[in-house]
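Here's the structure, in structure tokens; my notes come after.
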Amino acid sequence: MITFTLNGKPTKVEAEPEMPLLWVIRDLLNMTGTKYGCGLGVCGACTVHMDGQPIRACATPVSVIAGKSVTTIEGLSKDASHPVQQAWAEHNVPQCGYCQSGQMMSAAALLASNNDPSDSDIDNYMQGNLCRCGTYPRIKAAIKTAAKFVEVK
Amino acid sequence: MFIEQLQHHDSVMHNISRRGFLKTLGIAGSGLVLGVTLPSFSPAYAAESGNGEMNLFVSIDESGEVNIICHRSEMGQGIRTSLPQVLADELQADWERVNVVQGLANASYGSQNTDGSRSVRHFYQTMREMGASARTMLEQAAAEKWGVPVEEVKAIDHKVVHQSGKSLGFGELAAAASKLTPPDVASLVFKNKQDFKYIGKGLTIVDMHDIQTGKTQFGQDVHMEGMLYASIVRAPVVGANVLSFDKDAALKTPGVADVVAMPERSFPVGFNSLPGVAVLASNTWSAQQAAKKLSIEWTQHENQSHDSGAFLATLQERVKSKGKVQRSVGDAYAELDKAENTVQASYSVPYLAHATMEPPAATAVFKDGQMEIWACTQTPQSTQNTVAQVLGLEPSQVKVNVTLLGGGFGRKSKPDFSVEAAILAKHSGKPVKVVWSRENDIQHGYYHAISAQHYQAGLNDKGQVSSWIQRSAFPSIGWTFSGNTNEPQSWELSLGFGDVPFQLPHLSCESHEATAHARIGWIRSVCNIQHAFALGSFVDEVAVAADKSTPQMWLELIGEDANIDPGQQGFEFSNYGETLERFPLDTKRLKHCLNEVIAKSGADKPTAANEAWGVSVHRSFVSYVAVAAKVKVDNNKVTVLEMHSAIDAGTVVNPDRVKSQQEGSMIFGLSIALLGEISFKEGKVQQSNYHDYQVLRMNQCPEIYTHIIDSDAVPGGVGEPGTPPVAAAVANAIYHASGKRIRDLPVKNHMQV
């Protein structure tokens, strides 16, 4: 039994300790906002926050999160009010939408540590999140918009 | 199949409110429902006639909610927004009160195969007719209620208003309107362009909120009570079957419920499942872990000798000699001999995989003789028919629900993954979700064919092209469905090769044989990828030889304003399933795009010494796109700085989604140009995931600018035409910046990217 906090709620799961957090969230807890893309931590579709830091859930054994606090896209805000979510709509970022949970979680983590990122800051931080539809130019623009509304912790 | 000869027809409207049709389509309630039939079929109601063609429809319930069916698959192109916004505009509906309902697989809609960049092209007019017809009926219902002439009433903002000022909401009129006979399509009055409220506006996609909050349902996200998760190990060589495997080792893995041998297969491969072994487990992870323990031995097949490097060398040799003539005029060979100067070059593009961010996934339940499927499919009807055929069911016993697609690009118009889910659901008696891993996706795709092209041109003493010879060789998509096709088909050569838009007195377009050794499929823009790369590169090479600018050379080769008919020079030109009357190959529009992209980008202006522009232009999917790319080359490292496109796609419904498709298709093209390569050794795909099958990342993405040409022409394709010109534009820019000519994609094999 592994105990952790998921989107603010105490959560217990019965899972093998090496099972990646991604499959615990998706298959055992049936929360599918966090996406599978590669299983190797190279595409970013599964990005969630662990104690505020972005991690790749597909490459994180569930044992690692025992006692920690995990935030997924479903917990980023109530009703899409996070500045990143709002900027995503303002710039009409998504195409298919599949990678966007991971993109928004990475962007939120970036802005939590740097609320005035340069183009190269964004490139460096976001290059781990693939988008096959090609929304990169709009993601970059949306991050700059969201930056105006984010407080640095 | 990819190209369907679906011709445009004027449609006939029917009122189907009282026909019990709604419950089969997932919409409850009463009110006004309109269907549309194509007159080439018997104009019967679908509920009454198995082959009656009901294409699209709208319903309005008594609370005033408008439900619009989207029968095409959403994969990021915005179709769940664009088609309904056309209808809502003609209806005079309030967009806030429009619900989009995803259509189930149903032959009554006509083609639901969402590829070929044709959803708006084929359904724009139909959507307008449906909206206008519903609006007319609502107006008539109001006039009858008030006892006034219909000329005195007008629908506006979700209500019908009388000239006296009184009004009734759409919901209040829906029941009465539903009892009326729909008007003749010929009698419909459409809105003028200047009165459009939604058409031509960049409405936000209808799924935005769900995407923002992670509530979307993709194929991978389907969940059912008691569901088993399947991971399948498939034959690594196409043609091989399972010889033996270790069932017990997999079964002992915690969470595993069953281990199932998938059916043996032979040729043609078609849309069928691949041979292999499936593990069914209580979660994806357990299934994937157990699948690693299967120790499968495979039968031998001659495809295991396939080596893509050696195969390409064979094709490259072959295209240096004369091939099968597909289009010709004059005597290109005699003129080449007389030429003052000649240029020749060979080009190649490797196998490519779609690598959609969401790998394929399908969930199936078999109960009481009925199969129900939920899948991220571009083609629900092929899913329905293939599943029925493979499992010995009638299509009516197979219900297909279309989820959102996490990217499609052509991969998800092959329903092999749904066939797998159906086989396993029938076997297990439980709901089964087949989850493709990224490795499965990269190694068991329907690949864009490896190809070689060879071009030759003769120039006279004025640097004018006097002779043009071009050849192409690649394994055909036709092989996938026949098992024996061994040369490019004319419909494949119609994608940027036999339709070369040049008015030259001496021209020869030829093809060569190529045998397939893997499942060959279509990927965004299909054979236009290799043909536009070769053509766009060669025009640049000829321009250099003639000491002219590349745009100047294009304009000379294209010649005067004209509508070109390649059929007059012997070519069997499929023109994307359209007639040349409706969608001509118009050189004026092609040249205009080229001129426009240069004017907007400044590609004719000087650059820094190690920077340069490259340009190309291409017509595909009956639209016209020119691309200008600016690159910097430093110590053999390429950085793409800017990409501009000018697109003439005729009438544009949602300019923001056209812009986003241009951004996306150009980035897709840049992935192909810089990075894309699937290779085979011993018949097996060498790549396995995004670390070795790379796609463009944000740090490699240039600034992108889209210029949409204002046009009232019939809507053309949008999803694909942005891809073809990119690779040539980039390769040309690299040449002009560094002197290095890239003729064999991807660039990463020659330079750092």
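All residue names refer to the structure tokens as shown: chains lettered A, B, ... in order, residues numbered from 1 in each chain, ligands numbered from 1 in order.
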Using DSSP on the backbone, list every residue of segment 96-156 of chain B that comes out as strand (DSSP E or B), and give them as a compact mmCIF listing (two decimals) with all heavy atoms, in the first residue's frame.
```
# COMPACT_ATOMS: atom_id res chain seq x y z
N VAL B 98 -24.95 25.79 -29.36
CA VAL B 98 -24.71 24.68 -30.29
C VAL B 98 -23.90 23.60 -29.58
O VAL B 98 -22.88 23.89 -28.95
CB VAL B 98 -23.94 25.17 -31.53
CG1 VAL B 98 -23.46 24.00 -32.38
CG2 VAL B 98 -24.81 26.11 -32.37
N ASN B 99 -24.38 22.37 -29.64
CA ASN B 99 -23.61 21.22 -29.14
C ASN B 99 -23.14 20.42 -30.34
O ASN B 99 -23.88 20.22 -31.29
CB ASN B 99 -24.48 20.30 -28.29
CG ASN B 99 -25.15 21.04 -27.15
OD1 ASN B 99 -24.49 21.75 -26.41
ND2 ASN B 99 -26.47 20.91 -27.07
N VAL B 100 -21.90 19.97 -30.25
CA VAL B 100 -21.38 19.11 -31.32
C VAL B 100 -21.42 17.67 -30.84
O VAL B 100 -20.91 17.35 -29.76
CB VAL B 100 -19.95 19.53 -31.69
CG1 VAL B 100 -19.40 18.60 -32.76
CG2 VAL B 100 -19.94 20.97 -32.18
N VAL B 101 -22.06 16.82 -31.61
CA VAL B 101 -22.20 15.41 -31.26
C VAL B 101 -21.38 14.60 -32.26
O VAL B 101 -21.54 14.76 -33.47
CB VAL B 101 -23.69 14.98 -31.33
CG1 VAL B 101 -23.83 13.50 -30.99
CG2 VAL B 101 -24.53 15.85 -30.39
N GLN B 102 -20.51 13.75 -31.75
CA GLN B 102 -19.67 12.96 -32.65
C GLN B 102 -20.48 11.82 -33.26
O GLN B 102 -21.11 11.04 -32.55
CB GLN B 102 -18.47 12.39 -31.88
CG GLN B 102 -17.40 11.76 -32.76
CD GLN B 102 -16.69 12.80 -33.64
OE1 GLN B 102 -16.44 13.92 -33.22
NE2 GLN B 102 -16.40 12.42 -34.88
N VAL B 153 -41.02 37.69 -41.93
CA VAL B 153 -40.27 37.19 -40.77
C VAL B 153 -38.82 36.87 -41.18
O VAL B 153 -38.53 36.68 -42.35
CB VAL B 153 -40.92 35.92 -40.16
CG1 VAL B 153 -42.40 36.16 -39.89
CG2 VAL B 153 -40.72 34.71 -41.05
N LYS B 154 -37.99 36.83 -40.16
CA LYS B 154 -36.58 36.62 -40.43
C LYS B 154 -35.90 35.99 -39.22
O LYS B 154 -36.13 36.43 -38.08
CB LYS B 154 -35.93 37.98 -40.72
CG LYS B 154 -34.58 37.87 -41.38
CD LYS B 154 -34.05 39.25 -41.71
CE LYS B 154 -32.64 39.11 -42.26
NZ LYS B 154 -31.92 40.34 -42.36
N ALA B 155 -35.12 34.96 -39.45
CA ALA B 155 -34.37 34.35 -38.34
C ALA B 155 -33.13 35.17 -38.05
O ALA B 155 -32.41 35.58 -38.96
CB ALA B 155 -33.97 32.92 -38.71
N ILE B 156 -32.94 35.40 -36.76
CA ILE B 156 -31.73 36.13 -36.35
C ILE B 156 -31.44 35.78 -34.89
O ILE B 156 -32.35 35.73 -34.06
CB ILE B 156 -31.90 37.65 -36.57
CG1 ILE B 156 -30.59 38.37 -36.26
CG2 ILE B 156 -33.03 38.24 -35.75
CD1 ILE B 156 -30.50 39.76 -36.85
```
Worksheet item: Using only C-alpha atoms, which residues sit within 10 Å of Ile25 of chain A once same-chain residues fewer than 3 positions away are excluded, as a PyMOL selection string?
Response: chain A and resi 6+13+20-22+28-35+57+62+72
Let me see the file: selected residues, C-alpha atoms, as a PDB file, in the first residue's frame.
```
ATOM      1  CA  LEU A   6      -3.107  13.498  -5.222  1.00  0.00           C
ATOM      2  CA  VAL A  13      -3.109   2.575  -3.828  1.00  0.00           C
ATOM      3  CA  PRO A  20       5.283   3.744 -12.976  1.00  0.00           C
ATOM      4  CA  LEU A  21       3.168   6.490 -11.446  1.00  0.00           C
ATOM      5  CA  LEU A  22       1.623   7.047 -14.897  1.00  0.00           C
ATOM      6  CA  LEU A  28      -5.678   2.127 -11.111  1.00  0.00           C
ATOM      7  CA  LEU A  29      -7.097   5.548 -10.238  1.00  0.00           C
ATOM      8  CA  ASN A  30      -8.803   6.057 -13.607  1.00  0.00           C
ATOM      9  CA  MET A  31      -7.650   9.641 -14.052  1.00  0.00           C
ATOM     10  CA  THR A  32      -6.756   9.964 -17.703  1.00  0.00           C
ATOM     11  CA  GLY A  33      -5.762  13.608 -18.029  1.00  0.00           C
ATOM     12  CA  THR A  34      -2.124  12.524 -17.729  1.00  0.00           C
ATOM     13  CA  LYS A  35      -1.087  10.942 -21.027  1.00  0.00           C
ATOM     14  CA  ALA A  57       5.193   9.973 -14.459  1.00  0.00           C
ATOM     15  CA  VAL A  62       5.164   4.733  -7.700  1.00  0.00           C
ATOM     16  CA  THR A  72      -1.944  16.383 -12.286  1.00  0.00           C
TER      17      THR A  72
END
```
Worksheet entry | chain B contacts to chain A at 7 Å (only C-alpha atoms) as JSON, numbers by chain | {"B": [75, 76, 77, 78, 204, 208, 211, 212, 213, 214, 215, 221, 283, 284, 285, 356, 357, 358, 405, 406, 407, 438, 663, 664, 667, 668, 689, 690, 691, 697, 698, 699, 703]}
Practice prompt. Kindly give the distance, in Å, that separates atom CA of Val658 of chain B and atom CA of Thr607 of chain B, rounded to a single decimal.
Written response: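 So the answer is 29.7 Å.
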Practice prompt. Using only C-alpha atoms, determine which residues lie at most 12 Å from Lys145 of chain B, disregarding the query and same-chain residues fewer than 4 positions distant; provide the list as a list of chain:residue names.
Written response: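 Final neighbour list, sorted by chain and number: B:Leu138, B:Glu139, B:Gln140, B:Ala141, B:Pro149, B:Val150, B:Val153, B:Val160, B:His162, B:Lys166, B:Ser167, B:Leu168, B:Glu172, B:Leu173, B:Ala175, B:Ala176, B:Ala177.
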Discussion item. Can you tell me which residues surround Asp499 of chain B at a distance of at most 10 Å, considering only C-alpha atoms, apart from same-chain residues fewer than 2 positions away, and format the answer as a PyMOL selection string?
Written reply: chain B and resi 327+493-497+501-502+509+564-567+571-575+585+619-620
Emit the selected residues as a compact mmCIF listing (two decimals), in the first residue's frame, including N, CA and C atoms.
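Final file, result35.txt:
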```
# COMPACT_ATOMS: atom_id res chain seq x y z
N ARG B 327 3.73 10.41 -68.51
CA ARG B 327 3.26 11.64 -69.15
C ARG B 327 4.38 12.10 -70.06
N LEU B 493 1.27 8.78 -58.33
CA LEU B 493 2.06 9.69 -59.17
C LEU B 493 1.30 11.00 -59.42
N SER B 494 0.00 10.99 -59.13
CA SER B 494 -0.79 12.22 -59.23
C SER B 494 -0.50 13.16 -58.07
N LEU B 495 0.29 12.69 -57.12
CA LEU B 495 0.61 13.50 -55.96
C LEU B 495 1.96 14.18 -56.18
N GLY B 496 1.95 15.20 -57.03
CA GLY B 496 3.13 16.05 -57.18
C GLY B 496 4.15 15.56 -58.20
N PHE B 497 3.81 14.57 -59.02
CA PHE B 497 4.78 14.07 -60.00
C PHE B 497 4.25 14.21 -61.43
N PRO B 501 3.59 21.16 -62.68
CA PRO B 501 2.79 22.24 -63.29
C PRO B 501 3.56 23.05 -64.33
N PHE B 502 4.31 22.39 -65.17
CA PHE B 502 5.14 23.09 -66.14
C PHE B 502 4.56 22.96 -67.54
N CYS B 509 7.76 12.18 -67.96
CA CYS B 509 7.61 11.77 -66.56
C CYS B 509 7.50 10.25 -66.54
N ILE B 564 -3.77 23.80 -66.36
CA ILE B 564 -3.04 22.69 -66.98
C ILE B 564 -3.83 21.39 -66.82
N ASP B 565 -3.91 20.62 -67.89
CA ASP B 565 -4.53 19.30 -67.82
C ASP B 565 -3.49 18.25 -68.18
N PRO B 566 -2.88 17.63 -67.18
CA PRO B 566 -1.83 16.63 -67.47
C PRO B 566 -2.37 15.46 -68.29
N GLY B 567 -3.69 15.28 -68.27
CA GLY B 567 -4.30 14.21 -69.05
C GLY B 567 -4.08 14.39 -70.54
N PHE B 571 -1.25 11.54 -69.11
CA PHE B 571 -1.19 11.13 -67.71
C PHE B 571 -2.58 10.89 -67.15
N GLU B 572 -2.72 9.81 -66.39
CA GLU B 572 -3.99 9.50 -65.75
C GLU B 572 -4.02 10.24 -64.41
N PHE B 573 -4.50 11.46 -64.46
CA PHE B 573 -4.40 12.38 -63.31
C PHE B 573 -5.65 12.29 -62.46
N SER B 574 -5.49 11.91 -61.19
CA SER B 574 -6.68 11.72 -60.34
C SER B 574 -7.13 13.01 -59.67
N ASN B 575 -6.27 14.03 -59.61
CA ASN B 575 -6.66 15.35 -59.09
C ASN B 575 -7.42 15.27 -57.77
N LEU B 585 -6.00 22.92 -62.22
CA LEU B 585 -4.60 23.10 -61.85
C LEU B 585 -4.21 24.45 -62.44
N ARG B 619 1.40 22.52 -55.43
CA ARG B 619 -0.05 22.36 -55.34
C ARG B 619 -0.32 20.94 -54.87
N SER B 620 -1.11 20.81 -53.82
CA SER B 620 -1.56 19.48 -53.41
C SER B 620 -2.91 19.60 -52.74
```
Item to complete: Pick out the residues sitting within 12 Å of Ala737 of chain B, and hand them over as a list of chain:residue names; count only C-alpha atoms, and ignore anything fewer than 5 positions along from it in its own chain.
Response: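 Everything that qualifies: B:Pro606, B:Thr607, B:Ala608, B:Ala609, B:Asn610, B:Glu611, B:Ala612, B:Trp613, B:Gly614, B:Ala629, B:Lys630, B:Val631, B:Lys632, B:Val633, B:Asp634, B:Asn635, B:Asn636, B:Lys637, B:Val638, B:Thr639, B:Val640, B:Val730, B:Ala731, B:Asn732.
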Practice prompt. Please measure the separation of atom CA of Ser482 of chain B and atom CA of Val238 of chain B, giving the value in Å to one decimal.
Written response: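 We find that atom CA of Ser482 of chain B and atom CA of Val238 of chain B lie 14.6 Å from each other.
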Discussion item. Write out as a VMD selection string the set of residues from segment 1-150 of chain A that DSSP, computed on the backbone, places in helix (DSSP H, G or I).
Written reply: chain A and resid 21 to 28 57 to 59 62 to 65 73 to 75 83 to 90 100 to 113 119 to 126 136 to 147
Discussion item. Taking only C-alpha atoms into account, name the residue in B:Ala473, B:Phe621, B:Gln125, B:Ala546 that is nearest to Gly577 of chain B.
Written reply: B:Phe621
Spatial neighbours of segment 651-656 of chain B, 8 Å, only C-alpha atoms, chain gap at least 5 places, as a PDB file with N, CA and C atoms, in the first residue's frame:
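File out.pdb, as written:
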```
ATOM      1  N   SER B  82     -15.076  23.619 -37.158  1.00  0.00           N
ATOM      2  CA  SER B  82     -15.231  24.283 -38.461  1.00  0.00           C
ATOM      3  C   SER B  82     -16.523  23.904 -39.176  1.00  0.00           C
ATOM      4  N   VAL B  86     -20.062  26.465 -39.847  1.00  0.00           N
ATOM      5  CA  VAL B  86     -20.671  26.781 -41.150  1.00  0.00           C
ATOM      6  C   VAL B  86     -22.189  26.637 -41.044  1.00  0.00           C
ATOM      7  N   ILE B 199     -18.610  32.009 -40.297  1.00  0.00           N
ATOM      8  CA  ILE B 199     -17.719  31.597 -41.385  1.00  0.00           C
ATOM      9  C   ILE B 199     -16.683  32.688 -41.601  1.00  0.00           C
ATOM     10  N   GLY B 200     -15.426  32.277 -41.655  1.00  0.00           N
ATOM     11  CA  GLY B 200     -14.364  33.251 -41.825  1.00  0.00           C
ATOM     12  C   GLY B 200     -13.852  33.825 -40.511  1.00  0.00           C
ATOM     13  N   LYS B 201     -14.396  33.312 -39.388  1.00  0.00           N
ATOM     14  CA  LYS B 201     -13.955  33.799 -38.075  1.00  0.00           C
ATOM     15  C   LYS B 201     -13.191  32.688 -37.343  1.00  0.00           C
ATOM     16  N   GLY B 202     -12.240  33.106 -36.561  1.00  0.00           N
ATOM     17  CA  GLY B 202     -11.402  32.135 -35.840  1.00  0.00           C
ATOM     18  C   GLY B 202     -12.018  31.681 -34.536  1.00  0.00           C
ATOM     19  N   LEU B 203     -13.167  31.006 -34.613  1.00  0.00           N
ATOM     20  CA  LEU B 203     -13.815  30.549 -33.376  1.00  0.00           C
ATOM     21  C   LEU B 203     -12.901  29.591 -32.609  1.00  0.00           C
ATOM     22  N   ILE B 708      -2.487  33.857 -45.436  1.00  0.00           N
ATOM     23  CA  ILE B 708      -3.622  33.218 -46.104  1.00  0.00           C
ATOM     24  C   ILE B 708      -4.086  34.122 -47.227  1.00  0.00           C
ATOM     25  N   ASP B 710      -6.542  35.716 -49.643  1.00  0.00           N
ATOM     26  CA  ASP B 710      -7.982  35.949 -49.626  1.00  0.00           C
ATOM     27  C   ASP B 710      -8.589  35.432 -50.928  1.00  0.00           C
ATOM     28  N   SER B 711      -9.599  34.604 -50.809  1.00  0.00           N
ATOM     29  CA  SER B 711     -10.164  33.983 -52.011  1.00  0.00           C
ATOM     30  C   SER B 711     -11.613  33.610 -51.787  1.00  0.00           C
ATOM     31  N   ASP B 712     -12.405  33.732 -52.838  1.00  0.00           N
ATOM     32  CA  ASP B 712     -13.787  33.265 -52.800  1.00  0.00           C
ATOM     33  C   ASP B 712     -13.949  31.945 -53.546  1.00  0.00           C
ATOM     34  N   ALA B 713     -12.849  31.338 -53.944  1.00  0.00           N
ATOM     35  CA  ALA B 713     -12.925  30.075 -54.692  1.00  0.00           C
ATOM     36  C   ALA B 713     -13.465  28.969 -53.779  1.00  0.00           C
ATOM     37  N   VAL B 714     -13.859  27.868 -54.387  1.00  0.00           N
ATOM     38  CA  VAL B 714     -14.371  26.715 -53.641  1.00  0.00           C
ATOM     39  C   VAL B 714     -13.302  26.271 -52.631  1.00  0.00           C
ATOM     40  N   PRO B 715     -13.707  25.877 -51.421  1.00  0.00           N
ATOM     41  CA  PRO B 715     -12.690  25.484 -50.439  1.00  0.00           C
ATOM     42  C   PRO B 715     -11.838  24.307 -50.924  1.00  0.00           C
ATOM     43  N   GLY B 716     -10.536  24.438 -50.736  1.00  0.00           N
ATOM     44  CA  GLY B 716      -9.610  23.351 -51.052  1.00  0.00           C
ATOM     45  C   GLY B 716      -9.141  22.685 -49.766  1.00  0.00           C
TER      46      GLY B 716
END
```
Worksheet item: Any idea what the distance is between atom CA of Arg128 of chain B and atom CA of Asp61 of chain B?
Response: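 Computing the Euclidean distance for atom CA of Arg128 of chain B and atom CA of Asp61 of chain B yields 19.8 Å.
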Practice prompt. May I ask which of the residues A:Gln53, A:Thr11, A:Asn114, A:Ser106 is the closest one to Phe149 of chain A, counting only C-alpha atoms?
Written response: A:Asn114
Worksheet item: If we count only C-alpha atoms, what is near segment 257-264 of chain B at a cut-off of 7 Å, once residues fewer than 3 positions away on the same chain are taken out, given as a list of chain:residue names?
Response: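 Result of the neighbour search: B:Asn241, B:Lys247, B:Leu251, B:Pro275, B:Gly276, B:Val277, B:Ala278, B:Val279, B:Leu280, B:Ala281.
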Save out the residues we just selected, N, CA, C and O atoms, as an mmCIF file, in the first residue's frame.
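Okay, this is what ended up in out-v1.cif:
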```cif
data_model
loop_
_atom_site.group_PDB
_atom_site.id
_atom_site.type_symbol
_atom_site.label_atom_id
_atom_site.label_comp_id
_atom_site.auth_asym_id
_atom_site.auth_seq_id
_atom_site.Cartn_x
_atom_site.Cartn_y
_atom_site.Cartn_z
ATOM 1 N N ASN B 241 5.231 -15.447 -38.974
ATOM 2 C CA ASN B 241 4.181 -15.812 -38.030
ATOM 3 C C ASN B 241 4.817 -16.374 -36.759
ATOM 4 O O ASN B 241 6.027 -16.591 -36.710
ATOM 5 N N LYS B 247 4.199 -19.356 -22.847
ATOM 6 C CA LYS B 247 2.949 -18.853 -22.270
ATOM 7 C C LYS B 247 3.035 -18.762 -20.750
ATOM 8 O O LYS B 247 2.574 -17.786 -20.140
ATOM 9 N N LEU B 251 2.115 -15.790 -18.032
ATOM 10 C CA LEU B 251 0.938 -15.996 -17.175
ATOM 11 C C LEU B 251 1.254 -15.826 -15.700
ATOM 12 O O LEU B 251 0.398 -15.437 -14.907
ATOM 13 N N PRO B 275 0.155 -10.866 -36.993
ATOM 14 C CA PRO B 275 0.353 -12.035 -36.141
ATOM 15 C C PRO B 275 1.189 -11.677 -34.916
ATOM 16 O O PRO B 275 1.987 -10.729 -34.960
ATOM 17 N N GLY B 276 1.016 -12.415 -33.839
ATOM 18 C CA GLY B 276 1.764 -12.139 -32.627
ATOM 19 C C GLY B 276 1.113 -12.808 -31.434
ATOM 20 O O GLY B 276 0.278 -13.715 -31.597
ATOM 21 N N VAL B 277 1.482 -12.345 -30.254
ATOM 22 C CA VAL B 277 0.932 -12.904 -29.019
ATOM 23 C C VAL B 277 0.476 -11.747 -28.131
ATOM 24 O O VAL B 277 1.214 -10.773 -27.942
ATOM 25 N N ALA B 278 -0.743 -11.886 -27.593
ATOM 26 C CA ALA B 278 -1.302 -10.834 -26.741
ATOM 27 C C ALA B 278 -1.310 -11.267 -25.285
ATOM 28 O O ALA B 278 -1.615 -12.430 -24.980
ATOM 29 N N VAL B 279 -0.978 -10.338 -24.412
ATOM 30 C CA VAL B 279 -1.116 -10.573 -22.969
ATOM 31 C C VAL B 279 -2.255 -9.696 -22.470
ATOM 32 O O VAL B 279 -2.278 -8.489 -22.733
ATOM 33 N N LEU B 280 -3.201 -10.314 -21.758
ATOM 34 C CA LEU B 280 -4.322 -9.565 -21.183
ATOM 35 C C LEU B 280 -4.111 -9.481 -19.674
ATOM 36 O O LEU B 280 -3.885 -10.510 -19.025
ATOM 37 N N ALA B 281 -4.191 -8.280 -19.145
ATOM 38 C CA ALA B 281 -3.906 -8.096 -17.724
ATOM 39 C C ALA B 281 -4.818 -7.042 -17.127
ATOM 40 O O ALA B 281 -5.575 -6.373 -17.844
#
```
Item to complete: Using only C-alpha atoms, pick whichever of A:Pro83, A:Gly52, A:Pro61, A:Gly67 has the shortest atom-to-atom distance to Ser113 of chain A.
Response: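 Distance minimum relative to Ser113 of chain A lands on A:Gly52.
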